[in-house]
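Data block for query_10.csv (CSV, C-alpha atoms):
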chain,number,residue,atom,x,y,z
E,1,MET,CA,-48.9,-12.2,-11.2
E,2,ALA,CA,-52.1,-14.3,-10.7
E,3,THR,CA,-53.7,-15.9,-13.8
E,4,PRO,CA,-56.9,-17.8,-14.3
E,5,TYR,CA,-54.8,-20.9,-14.0
E,6,THR,CA,-52.9,-20.1,-10.8
E,7,PRO,CA,-54.2,-18.8,-7.5
E,8,THR,CA,-53.1,-15.5,-6.0
E,9,VAL,CA,-50.2,-16.0,-3.5
E,10,HIS,CA,-49.9,-13.8,-0.5
E,11,GLY,CA,-46.9,-13.2,1.8
E,12,THR,CA,-43.2,-12.7,1.4
E,13,GLY,CA,-41.8,-15.9,3.0
E,14,VAL,CA,-39.7,-18.5,1.2
E,15,ARG,CA,-42.8,-20.7,0.6
E,16,ALA,CA,-44.8,-17.8,-0.9
E,17,THR,CA,-41.8,-16.9,-3.1
E,18,ILE,CA,-41.5,-20.4,-4.4
E,19,GLN,CA,-45.2,-20.7,-4.9
E,20,ARG,CA,-45.2,-17.4,-6.8
E,21,PHE,CA,-42.3,-18.5,-9.0
E,22,GLY,CA,-44.1,-21.8,-9.7
E,23,GLY,CA,-47.2,-19.9,-10.5
E,24,HIS,CA,-45.3,-17.9,-13.2
E,25,LEU,CA,-44.0,-21.2,-14.7
E,26,ALA,CA,-47.5,-22.8,-14.7
E,27,GLY,CA,-49.0,-19.6,-16.1
E,28,MET,CA,-46.8,-20.0,-19.2
E,29,ILE,CA,-47.7,-23.6,-19.7
E,30,MET,CA,-51.3,-24.1,-18.7
E,31,PRO,CA,-52.9,-21.9,-21.4
E,32,ASN,CA,-51.1,-23.9,-24.0
E,33,ILE,CA,-52.0,-27.4,-22.7
E,34,GLY,CA,-54.3,-27.9,-25.7
E,35,ALA,CA,-51.4,-27.6,-28.0
E,36,PHE,CA,-49.4,-30.1,-26.0
E,37,ILE,CA,-52.3,-32.5,-26.1
E,38,ALA,CA,-52.6,-32.0,-29.9
E,39,TRP,CA,-48.9,-32.9,-30.3
E,40,GLY,CA,-49.3,-35.9,-28.0
E,41,LEU,CA,-52.2,-37.2,-30.0
E,42,ILE,CA,-50.4,-36.7,-33.3
E,43,THR,CA,-47.3,-38.4,-31.8
E,44,ALA,CA,-49.2,-41.3,-30.4
E,45,LEU,CA,-51.1,-41.9,-33.6
E,46,PHE,CA,-48.7,-41.3,-36.5
E,47,ILE,CA,-45.1,-42.0,-35.5
E,48,PRO,CA,-43.7,-45.3,-36.7
E,49,THR,CA,-44.5,-47.0,-33.3
E,50,GLY,CA,-47.9,-45.3,-33.1
E,51,TRP,CA,-51.4,-46.6,-33.4
E,52,ILE,CA,-51.8,-45.6,-37.0
E,53,PRO,CA,-48.3,-45.1,-38.5
E,54,ASN,CA,-48.3,-42.4,-41.2
E,55,LYS,CA,-45.1,-41.0,-42.6
E,56,THR,CA,-46.7,-37.9,-44.0
E,57,LEU,CA,-48.6,-36.9,-40.9
E,58,ALA,CA,-45.7,-37.8,-38.7
E,59,GLU,CA,-43.8,-34.9,-40.2
E,60,LEU,CA,-45.9,-32.6,-38.0
E,61,VAL,CA,-44.2,-34.0,-34.8
E,62,GLY,CA,-40.8,-32.3,-35.2
E,63,PRO,CA,-41.9,-28.7,-36.1
E,64,ILE,CA,-44.6,-28.7,-33.4
E,65,ILE,CA,-42.3,-29.8,-30.6
E,66,GLY,CA,-39.3,-27.9,-31.8
E,67,THR,CA,-40.8,-24.6,-32.9
E,68,LEU,CA,-44.5,-24.1,-32.2
E,69,LEU,CA,-44.7,-25.1,-28.6
E,70,PRO,CA,-41.6,-23.1,-27.5
E,71,VAL,CA,-42.9,-20.0,-29.4
E,72,LEU,CA,-46.3,-20.4,-27.7
E,73,ILE,CA,-44.7,-20.6,-24.3
E,74,GLY,CA,-42.5,-17.5,-25.0
E,75,TYR,CA,-45.6,-15.7,-26.4
E,76,THR,CA,-47.6,-16.4,-23.3
E,77,GLY,CA,-44.7,-15.5,-20.9
E,78,GLY,CA,-44.3,-12.2,-22.6
E,79,ARG,CA,-48.0,-11.5,-22.4
E,80,MET,CA,-47.9,-12.1,-18.7
E,81,VAL,CA,-45.3,-9.4,-18.3
E,82,HIS,CA,-46.2,-6.7,-20.8
E,83,ALA,CA,-49.6,-7.5,-22.4
E,84,GLN,CA,-49.7,-7.9,-26.2
E,85,ARG,CA,-46.5,-6.0,-27.0
E,86,GLY,CA,-44.7,-8.3,-24.6
E,87,ALA,CA,-46.2,-11.3,-26.2
E,88,VAL,CA,-45.0,-10.4,-29.7
E,89,VAL,CA,-41.5,-9.6,-28.5
E,90,GLY,CA,-41.4,-12.8,-26.4
E,91,ALA,CA,-42.3,-14.9,-29.4
E,92,VAL,CA,-39.6,-13.2,-31.6
E,93,ALA,CA,-37.0,-13.7,-28.9
E,94,THR,CA,-38.0,-17.3,-28.5
E,95,MET,CA,-37.1,-18.0,-32.1
E,96,GLY,CA,-33.5,-17.2,-31.0
E,97,VAL,CA,-33.3,-20.0,-28.5
E,98,VAL,CA,-35.1,-22.4,-30.9
E,99,VAL,CA,-32.4,-21.7,-33.5
E,100,GLY,CA,-29.6,-21.7,-31.0
E,101,ALA,CA,-30.2,-25.2,-29.6
E,102,ASP,CA,-30.8,-28.7,-30.8
E,103,VAL,CA,-33.2,-29.8,-28.1
E,104,PRO,CA,-36.8,-28.6,-27.5
E,105,MET,CA,-36.4,-25.2,-25.9
E,106,PHE,CA,-39.2,-25.1,-23.4
E,107,LEU,CA,-37.0,-24.0,-20.6
E,108,GLY,CA,-35.3,-21.4,-22.9
E,109,ALA,CA,-38.7,-20.1,-23.9
E,110,MET,CA,-39.7,-19.7,-20.2
E,111,VAL,CA,-36.6,-17.6,-19.6
E,112,ILE,CA,-36.3,-15.5,-22.7
E,113,GLY,CA,-40.0,-14.8,-23.3
E,114,PRO,CA,-40.7,-12.9,-20.0
E,115,LEU,CA,-37.2,-11.5,-20.1
E,116,ALA,CA,-37.7,-9.9,-23.5
E,117,ALA,CA,-41.1,-8.5,-22.4
E,118,LEU,CA,-39.5,-7.0,-19.3
E,119,VAL,CA,-36.8,-5.3,-21.3
E,120,LEU,CA,-39.5,-3.9,-23.6
E,121,LYS,CA,-41.5,-2.7,-20.6
E,122,TYR,CA,-38.6,-0.7,-19.3
E,123,ALA,CA,-37.8,0.6,-22.8
E,124,ASP,CA,-41.4,1.8,-23.2
E,125,ARG,CA,-41.2,3.6,-19.9
E,126,PHE,CA,-38.1,5.4,-21.1
E,127,THR,CA,-39.5,6.4,-24.5
E,128,ALA,CA,-43.0,7.3,-23.3
E,129,GLU,CA,-41.9,10.6,-21.7
E,130,ARG,CA,-39.5,11.5,-24.6
E,131,THR,CA,-41.7,10.9,-27.6
E,132,ARG,CA,-43.3,13.8,-29.3
E,133,ALA,CA,-47.0,13.7,-30.1
E,134,GLY,CA,-47.8,12.0,-33.4
E,135,PHE,CA,-44.7,9.8,-33.3
E,136,GLU,CA,-46.0,7.3,-30.7
E,137,MET,CA,-46.7,4.4,-33.2
E,138,LEU,CA,-43.5,4.9,-35.0
E,139,VAL,CA,-41.4,4.8,-31.8
E,140,ASP,CA,-43.4,1.9,-30.3
E,141,ASN,CA,-43.0,-0.3,-33.4
E,142,PHE,CA,-39.3,0.4,-33.8
E,143,THR,CA,-38.7,-0.1,-30.0
E,144,ALA,CA,-40.4,-3.5,-30.1
E,145,GLY,CA,-38.6,-4.5,-33.3
E,146,ILE,CA,-35.2,-3.5,-31.9
E,147,VAL,CA,-35.7,-5.3,-28.6
E,148,GLY,CA,-37.1,-8.4,-30.3
E,149,ALA,CA,-34.1,-8.6,-32.7
E,150,VAL,CA,-31.5,-8.0,-29.9
E,151,MET,CA,-33.1,-10.6,-27.7
E,152,ALA,CA,-33.4,-13.1,-30.5
E,153,ILE,CA,-29.6,-12.7,-31.2
E,154,ALA,CA,-28.9,-13.1,-27.5
E,155,GLY,CA,-31.0,-16.3,-27.6
E,156,VAL,CA,-29.0,-17.7,-30.5
E,157,LEU,CA,-25.6,-16.8,-29.0
E,158,ALA,CA,-26.0,-17.2,-25.3
E,159,ILE,CA,-29.3,-18.2,-23.7
E,160,GLY,CA,-30.0,-21.1,-26.1
E,161,PRO,CA,-26.7,-22.8,-25.6
E,162,ILE,CA,-26.7,-22.2,-21.8
E,163,VAL,CA,-30.2,-23.7,-21.4
E,164,GLU,CA,-29.2,-26.6,-23.7
E,165,LYS,CA,-26.2,-27.4,-21.4
E,166,VAL,CA,-28.4,-27.2,-18.3
E,167,THR,CA,-30.9,-29.5,-19.9
E,168,GLU,CA,-28.2,-32.0,-20.8
E,169,VAL,CA,-26.8,-31.9,-17.2
E,170,ALA,CA,-30.3,-32.5,-15.8
E,171,GLY,CA,-30.9,-35.2,-18.3
E,172,ASP,CA,-27.6,-36.9,-17.3
E,173,GLY,CA,-28.7,-36.8,-13.7
E,174,VAL,CA,-32.0,-38.3,-14.4
E,175,SER,CA,-30.4,-40.9,-16.6
E,176,TRP,CA,-28.0,-41.8,-13.8
E,177,LEU,CA,-31.0,-42.3,-11.4
E,178,VAL,CA,-32.7,-44.5,-14.1
E,179,SER,CA,-29.6,-46.6,-14.8
E,180,HIS,CA,-29.0,-47.2,-11.1
E,181,SER,CA,-32.7,-47.9,-10.4
E,182,LEU,CA,-32.9,-44.9,-8.1
E,183,LEU,CA,-35.5,-42.9,-9.8
E,184,PRO,CA,-38.1,-43.7,-7.1
E,185,ILE,CA,-36.1,-41.6,-4.7
E,186,ALA,CA,-37.3,-38.6,-6.7
E,187,SER,CA,-40.7,-39.0,-5.0
E,188,VAL,CA,-39.2,-37.9,-1.7
E,189,ILE,CA,-38.9,-34.4,-3.3
E,190,ILE,CA,-41.7,-34.4,-5.8
E,191,GLU,CA,-44.6,-35.4,-3.5
E,192,PRO,CA,-44.0,-32.9,-0.7
E,193,ALA,CA,-43.5,-30.2,-3.3
E,194,LYS,CA,-46.8,-31.1,-4.9
E,195,VAL,CA,-48.9,-30.6,-1.8
E,196,LEU,CA,-47.4,-27.1,-1.5
E,197,PHE,CA,-49.1,-26.5,-4.9
E,198,LEU,CA,-45.9,-26.6,-6.9
E,199,ASN,CA,-47.1,-29.5,-9.0
E,200,ASN,CA,-47.4,-27.6,-12.2
E,201,ALA,CA,-44.0,-26.0,-11.8
E,202,ILE,CA,-42.4,-29.4,-11.3
E,203,ASN,CA,-44.3,-31.2,-14.0
E,204,HIS,CA,-44.4,-28.6,-16.7
E,205,GLY,CA,-41.3,-26.6,-15.8
E,206,VAL,CA,-38.8,-29.4,-15.1
E,207,LEU,CA,-40.0,-32.9,-15.9
E,208,GLY,CA,-42.0,-32.1,-19.0
E,209,PRO,CA,-39.1,-30.5,-21.0
E,210,LEU,CA,-36.7,-33.3,-20.0
E,211,GLY,CA,-39.4,-35.9,-20.8
E,212,VAL,CA,-40.0,-34.3,-24.2
E,213,ALA,CA,-36.3,-34.6,-25.1
E,214,GLU,CA,-36.2,-38.2,-24.0
E,215,SER,CA,-39.5,-38.9,-25.9
E,216,VAL,CA,-38.1,-37.5,-29.1
E,217,LYS,CA,-35.1,-39.9,-28.9
E,218,HIS,CA,-36.9,-43.1,-27.6
E,219,GLY,CA,-40.5,-42.6,-28.4
E,220,LYS,CA,-41.6,-42.5,-24.8
E,221,SER,CA,-40.4,-41.3,-21.4
E,222,ILE,CA,-41.0,-42.3,-17.8
E,223,LEU,CA,-40.4,-38.7,-16.7
E,224,PHE,CA,-44.0,-37.8,-17.7
E,225,MET,CA,-45.3,-40.0,-15.0
E,226,LEU,CA,-43.2,-39.0,-12.0
E,227,GLU,CA,-45.5,-36.2,-10.9
E,228,SER,CA,-48.7,-36.9,-12.8
E,229,ASN,CA,-49.4,-40.4,-11.5
E,230,PRO,CA,-53.0,-40.2,-10.1
E,231,GLY,CA,-52.4,-43.4,-8.0
E,232,PRO,CA,-51.0,-41.8,-4.8
E,233,GLY,CA,-53.7,-39.3,-4.5
E,234,LEU,CA,-56.5,-41.9,-5.2
E,235,GLY,CA,-55.1,-44.2,-2.5
E,236,LEU,CA,-55.0,-41.4,0.0
E,237,LEU,CA,-58.6,-40.4,-0.7
E,238,ILE,CA,-59.8,-44.0,-0.4
E,239,ALA,CA,-58.2,-44.2,3.0
E,240,TYR,CA,-59.9,-41.0,4.0
E,241,LEU,CA,-63.2,-42.4,2.8
E,242,LEU,CA,-62.9,-45.6,4.9
E,243,PHE,CA,-60.9,-44.5,7.9
E,244,GLY,CA,-60.7,-40.7,8.0
E,245,PRO,CA,-62.6,-38.3,10.3
E,246,ARG,CA,-66.4,-38.9,9.8
E,247,SER,CA,-66.9,-35.2,9.1
E,248,LEU,CA,-64.7,-35.5,6.0
E,249,ARG,CA,-65.8,-38.8,4.6
E,250,PRO,CA,-68.8,-37.4,2.7
E,251,SER,CA,-66.5,-35.1,0.7
E,252,THR,CA,-64.1,-37.8,-0.5
E,253,PRO,CA,-66.2,-39.5,-3.3
E,254,ALA,CA,-66.5,-36.3,-5.2
E,255,ALA,CA,-62.9,-35.6,-4.6
E,256,MET,CA,-61.9,-39.0,-6.0
E,257,ILE,CA,-63.9,-38.4,-9.2
E,258,ILE,CA,-62.4,-34.9,-9.7
E,259,HIS,CA,-58.9,-36.2,-9.0
E,260,PHE,CA,-58.9,-39.5,-10.9
E,261,PHE,CA,-61.2,-38.8,-13.8
E,262,GLY,CA,-60.8,-35.0,-14.0
E,263,GLY,CA,-57.1,-35.0,-13.4
E,264,ILE,CA,-57.2,-32.1,-10.9
E,265,HIS,CA,-54.7,-33.3,-8.3
E,266,GLU,CA,-55.0,-30.1,-6.2
E,267,ILE,CA,-58.2,-31.5,-4.8
E,268,TYR,CA,-56.4,-33.9,-2.5
E,269,PHE,CA,-53.6,-31.6,-1.3
E,270,PRO,CA,-55.7,-30.1,1.6
E,271,TYR,CA,-56.4,-33.7,2.8
E,272,VAL,CA,-52.6,-34.1,3.3
E,273,LEU,CA,-52.1,-30.6,4.8
E,274,MET,CA,-54.8,-31.4,7.4
E,275,LYS,CA,-52.8,-34.3,8.6
E,276,PRO,CA,-49.2,-33.7,7.5
E,277,ARG,CA,-48.0,-37.2,8.5
E,278,LEU,CA,-49.9,-38.5,5.5
E,279,ILE,CA,-47.2,-37.1,3.3
E,280,LEU,CA,-45.5,-40.4,4.0
E,281,ALA,CA,-48.4,-42.2,2.3
E,282,VAL,CA,-48.2,-40.3,-1.0
E,283,ILE,CA,-44.3,-40.5,-1.0
E,284,ALA,CA,-44.6,-44.3,-0.6
E,285,GLY,CA,-47.3,-44.5,-3.3
E,286,GLY,CA,-45.3,-42.3,-5.7
E,287,ALA,CA,-42.1,-44.3,-5.2
E,288,SER,CA,-43.7,-47.6,-5.6
E,289,GLY,CA,-45.5,-46.5,-8.8
E,290,VAL,CA,-42.2,-45.2,-10.3
E,291,LEU,CA,-40.5,-48.5,-9.4
E,292,THR,CA,-43.3,-50.4,-11.1
E,293,PHE,CA,-42.9,-48.2,-14.2
E,294,LEU,CA,-39.2,-48.9,-14.2
E,295,VAL,CA,-39.6,-52.7,-13.9
E,296,THR,CA,-42.2,-52.9,-16.6
E,297,GLY,CA,-40.4,-50.4,-18.9
E,298,ALA,CA,-43.5,-48.1,-19.0
E,299,GLY,CA,-43.5,-44.6,-20.5
E,300,LEU,CA,-45.7,-42.0,-22.2
E,301,VAL,CA,-45.3,-40.1,-25.4
E,302,ALA,CA,-46.3,-36.8,-24.0
E,303,THR,CA,-47.3,-35.0,-20.8
E,304,PRO,CA,-50.7,-36.4,-19.5
E,305,SER,CA,-52.3,-33.1,-18.7
E,306,PRO,CA,-54.5,-33.0,-16.7
E,307,GLY,CA,-53.2,-36.0,-14.9
E,308,SER,CA,-56.4,-38.1,-15.3
E,309,ILE,CA,-56.7,-41.7,-16.2
E,310,PHE,CA,-58.2,-40.7,-19.6
E,311,ALA,CA,-55.2,-38.4,-20.3
E,312,TYR,CA,-52.8,-41.3,-19.4
E,313,MET,CA,-54.6,-43.7,-21.8
E,314,ALA,CA,-54.5,-41.1,-24.6
E,315,VAL,CA,-50.7,-40.7,-24.5
E,316,THR,CA,-49.8,-44.3,-23.8
E,317,PRO,CA,-47.7,-45.8,-26.7
E,318,LYS,CA,-48.9,-48.9,-28.5
E,319,GLY,CA,-48.2,-52.0,-26.4
E,320,GLY,CA,-47.6,-50.0,-23.2
E,321,TRP,CA,-50.9,-50.4,-21.4
E,322,PHE,CA,-49.9,-53.0,-18.9
E,323,GLY,CA,-46.9,-51.1,-17.4
E,324,VAL,CA,-48.8,-47.9,-17.1
E,325,ILE,CA,-51.9,-49.4,-15.5
E,326,ALA,CA,-49.8,-51.5,-13.2
E,327,GLY,CA,-47.9,-48.5,-11.9
E,328,ILE,CA,-51.1,-46.6,-11.2
E,329,VAL,CA,-52.7,-49.6,-9.4
E,330,VAL,CA,-49.6,-50.3,-7.3
E,331,ALA,CA,-49.3,-46.6,-6.3
E,332,THR,CA,-52.9,-46.6,-5.3
E,333,ALA,CA,-52.6,-49.7,-3.2
E,334,VAL,CA,-49.4,-48.7,-1.4
E,335,SER,CA,-50.7,-45.1,-0.7
E,336,PHE,CA,-53.9,-46.5,0.6
E,337,ALA,CA,-52.2,-49.0,2.9
E,338,VAL,CA,-49.8,-46.5,4.4
E,339,ALA,CA,-52.5,-43.8,4.8
E,340,ALA,CA,-54.9,-46.3,6.4
E,341,ALA,CA,-52.2,-47.3,8.9
E,342,LEU,CA,-51.4,-43.7,9.6
E,343,LEU,CA,-55.1,-43.0,10.2
E,344,GLY,CA,-55.2,-45.9,12.7
E,345,PHE,CA,-57.7,-47.8,10.5
E,346,GLY,CA,-60.4,-45.5,11.9
E,347,ARG,CA,-59.3,-45.7,15.5
E,348,ALA,CA,-57.2,-42.5,15.5
E,349,ASN,CA,-59.3,-40.3,13.3
E,350,GLY,CA,-60.0,-37.8,16.1
E,351,ASP,CA,-63.8,-38.1,15.9
E,352,GLN,CA,-65.6,-36.7,18.9
E,353,GLY,CA,-69.3,-36.9,19.6
E,354,PRO,CA,-71.4,-34.0,20.8
E,355,ALA,CA,-70.5,-33.0,24.4
E,356,PRO,CA,-73.1,-34.2,26.9
E,357,ASP,CA,-75.1,-31.6,28.8
E,358,ALA,CA,-73.1,-30.8,31.9
E,359,ILE,CA,-75.9,-29.8,34.1
E,360,ARG,CA,-79.4,-31.1,33.7
E,361,THR,CA,-82.7,-29.9,35.1
E,362,ASP,CA,-83.9,-32.0,38.0
E,363,ALA,CA,-87.5,-32.6,39.0
E,364,GLY,CA,-87.6,-29.9,41.5
E,365,GLY,CA,-86.4,-26.9,39.4
E,366,THR,CA,-84.8,-23.8,40.7
E,367,GLY,CA,-87.2,-21.3,39.4
E,368,HIS,CA,-85.1,-20.2,36.3
E,369,ALA,CA,-87.4,-19.8,33.4
E,370,ASN,CA,-84.8,-21.3,31.0
E,371,ASP,CA,-83.8,-24.1,33.4
E,372,THR,CA,-80.2,-23.0,33.2
E,373,ARG,CA,-78.2,-23.2,36.4
E,374,HIS,CA,-75.4,-20.8,37.2
E,375,VAL,CA,-72.5,-21.9,39.3
E,376,ASN,CA,-69.5,-20.2,40.8
E,377,ASP,CA,-65.9,-21.5,40.6
E,378,SER,CA,-66.8,-24.8,42.4
E,379,HIS,CA,-69.5,-24.5,44.9
E,380,VAL,CA,-72.9,-22.9,45.5
E,381,ASN,CA,-74.0,-21.8,49.0
E,382,ASP,CA,-77.2,-23.4,50.2
E,383,ILE,CA,-79.7,-21.8,52.5
E,384,ASP,CA,-77.8,-22.7,55.6
E,385,GLY,CA,-74.6,-21.1,54.3
E,386,THR,CA,-72.9,-24.5,53.9
E,387,SER,CA,-71.0,-25.4,50.8
E,388,THR,CA,-72.4,-28.2,48.7
E,389,GLU,CA,-71.4,-29.5,45.2
E,390,LYS,CA,-73.9,-29.6,42.4
E,391,ARG,CA,-73.7,-32.9,40.6
E,392,ASP,CA,-75.3,-34.1,37.4
E,393,PRO,CA,-76.7,-37.6,37.1
E,394,THR,CA,-73.4,-39.0,36.0
E,395,GLY,CA,-71.7,-37.9,39.2
E,396,GLU,CA,-69.6,-35.3,37.7
E,397,THR,CA,-69.4,-32.0,39.4
E,398,ALA,CA,-70.9,-29.0,37.7
E,399,ALA,CA,-67.8,-27.0,38.1
E,400,GLU,CA,-65.8,-29.7,36.3
E,401,SER,CA,-68.4,-29.9,33.5
E,402,VAL,CA,-69.1,-26.3,32.4
E,403,PRO,CA,-67.2,-23.1,32.6
E,404,ALA,CA,-68.2,-20.9,35.5
E,405,THR,CA,-70.4,-18.0,34.8
E,406,LYS,CA,-71.0,-14.8,36.8
E,407,GLU,CA,-74.4,-14.6,38.5
E,408,ALA,CA,-76.5,-11.7,37.1
Kindly return the structure encoded in the file as structure tokens.
Amino acid sequence: MATPYTPTVHGTGVRATIQRFGGHLAGMIMPNIGAFIAWGLITALFIPTGWIPNKTLAELVGPIIGTLLPVLIGYTGGRMVHAQRGAVVGAVATMGVVVGADVPMFLGAMVIGPLAALVLKYADRFTAERTRAGFEMLVDNFTAGIVGAVMAIAGVLAIGPIVEKVTEVAGDGVSWLVSHSLLPIASVIIEPAKVLFLNNAINHGVLGPLGVAESVKHGKSILFMLESNPGPGLGLLIAYLLFGPRSLRPSTPAAMIIHFFGGIHEIYFPYVLMKPRLILAVIAGGASGVLTFLVTGAGLVATPSPGSIFAYMAVTPKGGWFGVIAGIVVATAVSFAVAAALLGFGRANGDQGPAPDAIRTDAGGTGHANDTRHVNDSHVNDIDGTSTEKRDPTGETAAESVPATKEA
């Protein structure tokens, strides 16, 4: 379904299906970004390694990340499927996966919240035609209560442990990439998926939950920066400003502001889609940025959403400024250099000037009121019946310059 946060997707192909699925994931996360930012600020300020360490206020970190945020996600996912009744049942069911696992259950909430609402939706359809007048409220309340209780139990016994195992496997894979300094390879997958508008699904549906689990253990995580780094997009837009088609250059300053300061990365995706070879530029920029983050040991305490420079600075842990800024700068520089080369440094931008007039009026006009000459396929018969070629001042034949038109 379309939400205010995700565009409507048309079509039934693989790409449309993936985009639609990503839209569902983003639709569960985006309305709750404010809560994520609140948690990130509290974490950045009050944990022992924060800016203003405070043991009492730091007690907020665990309950928010472990309970509140998953419940909000489950509530939102249920609401997307079955309005307010689905939201309530989704929140109840999410408590099952929260209790049934020892890691933050973002992925579990994304699964069980909509699933519980869907079960309730079908249950409501079944009972609607079989409920006597006057018993609707009683039946509806008990139906929601039964479905919520059953799904919560399923979350404790099945869904929670399964999602926890999946999270551990994914975390082990990421850890393997990190330990072998191969994490930059992830950009080969992330950057192309981003320009297909799957950025929110990747960031909030996959990397965010894994990053949160790592941040809880280590106080920061590099995973928050794999997709959200504004550097690759900024470098691409600068290249377009300097070397892109002249018709597009005036639009790039505003796009840079919206992207870098506003954090709306979608603004640069069409620039890549117009010239698909430029995907190599953002891949190179993303990989170089990740490599810089690895070398400098950079990390964030929470998801920087939206991915603007301000959000990055807000969730940067104390003492981590250099690595974060360096990764953004390097990604910008590399993306710009590669994009500029792919654009031919302005020589291969495809600019074309206005086409010159093919046929011009000579001093001795032909008697047409609008001074427009009509020609046949290649020649015009003169008075003597001989065939002659009409040429413009440049020497080009009229038949070669303009399409033939039929004489009225």
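Atom CA of E:Tyr271 lies 15.4 Å from atom CA of E:Gly346.
From atom CA of E:Tyr268 back to atom CA of E:Arg246, the distance works out to 16.6 Å.
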Could you pull the residues within 10 Å of E:Leu107, counting only C-alpha atoms, minus those fewer than 4 positions along the same chain, as a list in words?
-> Leu25, Pro70, Ile73, Gly74, Val97, Val111, Ile112, Gly160, Val163, Glu164, Val166, Thr167, His204, Gly205, Val206, Gly208, Pro209 and Leu210 of chain E
With the cut-off set at 12 Å and counting only C-alpha atoms, tabulate each residue of stretch 241-264 of chain E with an atom at most that distance from an atom of stretch 273-297 of chain E, showing the nearest atom pair and its distance in Å to one decimal, ordered by chain and increasing number, as JSON lines.
{"residue": "E:Gly244", "atom": "CA", "partner": "E:Lys275", "partner_atom": "CA", "distance": 10.2}
{"residue": "E:Pro245", "atom": "CA", "partner": "E:Lys275", "partner_atom": "CA", "distance": 10.7}
{"residue": "E:Leu248", "atom": "CA", "partner": "E:Met274", "partner_atom": "CA", "distance": 10.8}
Preceding selection exported with C-alpha atoms as a tab-separated table (two decimals), in the coordinates of the input:
chain	number	residue	atom	x	y	z
E	244	GLY	CA	-60.70	-40.70	8.00
E	245	PRO	CA	-62.60	-38.30	10.30
E	248	LEU	CA	-64.70	-35.50	6.00
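In this structure, atom CA of E:Lys318 sits 24.7 Å away from atom CA of E:Val103.
Of the listed residues E:Arg20, E:Ala149, E:Val212, E:Met137, the one whose atoms come nearest to E:Leu69 is E:Val212, with distances taken using only C-alpha atoms.
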Place a sphere of radius 12 Å on (-64.8, -36.0, -4.8) in the file coordinates and name every protein, DNA or RNA residue with an atom inside or on its surface, counting all atoms listed in the file; give the answer as number ranges by chain.
-> E: 233-234, 237-238, 240-241, 248-268, 271
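If you measure from each of E:Ile185, E:Val301, E:Ala340, E:Leu223 to E:Leu236 using all atoms listed in the file, the closest one turns out to be E:Ala340.
Remark: for E:Leu300, the closest of the candidate residues E:Val216, E:Ala331, E:Val315, E:Met110 is E:Val315 (distances computed over only C-alpha atoms).
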Residue with the minimum atom-to-atom distance to E:Val71, picked from E:Ser335, E:Ser308, E:Ser187, E:Asn32 with all atoms listed in the file counted, is E:Asn32
